[in-house]
Amino acid sequence: IMASELRVNTLKDASGNNSIATSFVAGGSAKAWVNFNGTGTAAIRDSLNTASLTDNGTGTFGVNFSSAFVNDDYAASGSFNWSNNANQLYVIADLTTNGECNTYEANSAVDRSEVYAIYHGDLA
């Protein structure tokens with residue numbers, strides 16, 4: 001089997017409109033994301049570039065990347081299911097090989113059944 005490579009500078013839709021530089025596509029795409037159940041035994045439902053999940057205690061999780069980021073200056077964001085308006089989520093760009101995802105309610109750590117974290121940056 002021969003590997004192939006496609007090199008382009010710009011992508012356009014089927015009508016030849018709405019062009020975008022491939023650098024925006026590659027640079028702006030999530031390089032890792034995870035959807036997991038944070039209650040009981042924490043478990044990944046689905047993910048990209050996520051090797052495993054570490055349960056570090058109530059409401060505190062480590063997201064271990066399959067491929068490392070080039071540095072720890074990547075961006076992190078996310079969301080989770082909530083029961084009231086006093087909830088906080090901290091998705092943290094931590095190390096090149098893992099990030100953090102912490103869930104709180106009224107300033108107390110709590111486990112949540114639906115947690116989603118997304119990481120953007122350059123891979124090593």
# chains A, B, ... in the order shown; residues from 1 in each chain; ligands from 1
call {"tool": "select_by_dssp", "arguments": {"residues": "range 4-124 of chain A", "states": "helix (DSSP H, G or I)", "output": "ChimeraX atom specification"}}
result
/A:22-28
call {"tool": "write_last_selection", "arguments": {"atoms": "C-alpha atoms", "output": "PDB file, in the first residue's frame"}}
result
ATOM      1  CA  THR A  22      -5.661  25.135   5.424  1.00  0.00           C
ATOM      2  CA  SER A  23      -3.536  26.664   8.209  1.00  0.00           C
ATOM      3  CA  PHE A  24      -6.794  27.863   9.838  1.00  0.00           C
ATOM      4  CA  VAL A  25      -8.311  24.394   9.571  1.00  0.00           C
ATOM      5  CA  ALA A  26      -5.240  22.656  11.007  1.00  0.00           C
ATOM      6  CA  GLY A  27      -4.525  25.330  13.611  1.00  0.00           C
ATOM      7  CA  GLY A  28      -8.107  25.814  14.726  1.00  0.00           C
TER       8      GLY A  28
END
call {"tool": "residues_around", "arguments": {"residues": "Phe61 in chain A", "least_positions_apart": "4", "cutoff": "8 Å", "atoms": "only C-alpha atoms", "output": "VMD selection string"}}
result
chain A and resid 53 to 57 100 to 102
call {"tool": "residues_around", "arguments": {"residues": "Ser47 in chain A", "least_positions_apart": "4", "cutoff": "9 Å", "atoms": "only C-alpha atoms", "output": "JSON, numbers by chain"}}
result
{"A": [32, 33, 34, 35, 36, 51]}
call {"tool": "closest_residue", "arguments": {"among": "A:Ile20, A:Ala109, A:Gly121, A:Tyr116", "to": "Asp46 in chain A", "atoms": "only C-alpha atoms"}}
result
A:Tyr116
call {"tool": "atom_distance", "arguments": {"atom1": "CA of Leu6 in chain A", "atom2": "CA of Ile118 in chain A"}}
result
27.1 Å
call {"tool": "select_by_dssp", "arguments": {"residues": "chain A", "states": "strand (DSSP E)", "output": "ChimeraX atom specification"}}
result
/A:10-11,20-21,32-37,43-48,50-55,60-65,75-80,87-92,98-105,108-109,115-120
call {"tool": "residues_around", "arguments": {"residues": "Tyr90 in chain A", "least_positions_apart": "3", "cutoff": "10 Å", "atoms": "only C-alpha atoms", "output": "list of chain:residue names"}}
result
A:Thr60, A:Ala76, A:Ser77, A:Gly78, A:Ser79, A:Ala93, A:Glu100, A:Cys101, A:Asn102, A:Thr103, A:Tyr104, A:Ala117
call {"tool": "write_last_selection", "arguments": {"atoms": "all heavy atoms", "output": "short mmCIF file (atom, residue, chain, number, x, y, z; two decimals), in the first residue's frame"}}
result
data_model
loop_
_atom_site.label_atom_id
_atom_site.label_comp_id
_atom_site.auth_asym_id
_atom_site.auth_seq_id
_atom_site.Cartn_x
_atom_site.Cartn_y
_atom_site.Cartn_z
N THR A 60 -12.42 15.82 40.41
CA THR A 60 -11.09 16.17 39.91
C THR A 60 -10.57 15.05 39.02
O THR A 60 -10.41 13.92 39.48
CB THR A 60 -10.11 16.41 41.07
OG1 THR A 60 -10.66 17.38 41.95
CG2 THR A 60 -8.78 16.90 40.56
N ALA A 76 -7.95 25.36 26.78
CA ALA A 76 -8.83 24.30 27.27
C ALA A 76 -10.20 24.89 27.59
O ALA A 76 -10.31 26.01 28.09
CB ALA A 76 -8.23 23.67 28.52
N SER A 77 -11.25 24.14 27.26
CA SER A 77 -12.61 24.57 27.58
C SER A 77 -13.48 23.33 27.75
O SER A 77 -13.04 22.21 27.49
CB SER A 77 -13.18 25.47 26.48
OG SER A 77 -13.25 24.75 25.26
N GLY A 78 -14.71 23.52 28.19
CA GLY A 78 -15.58 22.37 28.34
C GLY A 78 -16.92 22.72 28.95
O GLY A 78 -17.25 23.89 29.13
N SER A 79 -17.69 21.68 29.27
CA SER A 79 -18.99 21.86 29.89
C SER A 79 -19.37 20.57 30.61
O SER A 79 -18.69 19.55 30.47
CB SER A 79 -20.05 22.23 28.85
OG SER A 79 -20.20 21.18 27.92
N ALA A 93 -5.32 23.75 31.08
CA ALA A 93 -4.15 23.35 30.30
C ALA A 93 -3.04 23.16 31.32
O ALA A 93 -2.57 24.11 31.92
CB ALA A 93 -3.80 24.43 29.29
N GLU A 100 -6.39 18.96 32.99
CA GLU A 100 -7.26 18.71 34.13
C GLU A 100 -8.68 19.11 33.80
O GLU A 100 -8.91 19.99 32.97
CB GLU A 100 -6.82 19.53 35.34
CG GLU A 100 -5.63 19.02 36.08
CD GLU A 100 -5.37 19.85 37.32
OE1 GLU A 100 -6.31 20.06 38.12
OE2 GLU A 100 -4.24 20.31 37.46
N CYS A 101 -9.62 18.50 34.48
CA CYS A 101 -11.03 18.84 34.35
C CYS A 101 -11.64 18.68 35.74
O CYS A 101 -11.66 17.57 36.28
CB CYS A 101 -11.70 17.92 33.34
SG CYS A 101 -13.36 18.42 32.92
N ASN A 102 -12.09 19.78 36.33
CA ASN A 102 -12.61 19.77 37.69
C ASN A 102 -14.03 20.34 37.74
O ASN A 102 -14.29 21.40 37.18
CB ASN A 102 -11.70 20.57 38.62
CG ASN A 102 -10.26 20.09 38.55
OD1 ASN A 102 -10.01 18.89 38.53
ND2 ASN A 102 -9.32 21.01 38.49
N THR A 103 -14.94 19.64 38.42
CA THR A 103 -16.35 20.06 38.50
C THR A 103 -16.72 20.39 39.94
O THR A 103 -16.39 19.65 40.87
CB THR A 103 -17.27 18.95 37.96
OG1 THR A 103 -17.01 17.72 38.64
CG2 THR A 103 -17.02 18.72 36.47
N TYR A 104 -17.42 21.53 40.10
CA TYR A 104 -17.81 22.02 41.42
C TYR A 104 -19.27 22.45 41.43
O TYR A 104 -19.81 22.84 40.40
CB TYR A 104 -16.96 23.24 41.82
CG TYR A 104 -15.51 22.92 42.04
CD1 TYR A 104 -14.61 22.86 40.99
CD2 TYR A 104 -15.06 22.67 43.33
CE1 TYR A 104 -13.28 22.57 41.20
CE2 TYR A 104 -13.72 22.38 43.55
CZ TYR A 104 -12.84 22.34 42.49
OH TYR A 104 -11.53 22.04 42.70
N ALA A 117 -14.60 17.96 27.76
CA ALA A 117 -13.44 18.83 27.75
C ALA A 117 -12.85 18.85 26.34
O ALA A 117 -12.81 17.83 25.66
CB ALA A 117 -12.40 18.34 28.75
#
call {"tool": "residues_around", "arguments": {"residues": "His120 in chain A", "least_positions_apart": "2", "cutoff": "6 Å", "atoms": "only C-alpha atoms", "output": "list in words"}}
result
Ala30, Lys31, Tyr74 and Ala75 of chain A
call {"tool": "atom_distance", "arguments": {"atom1": "CA of Phe69 in chain A", "atom2": "CA of Val8 in chain A"}}
result
24.3 Å
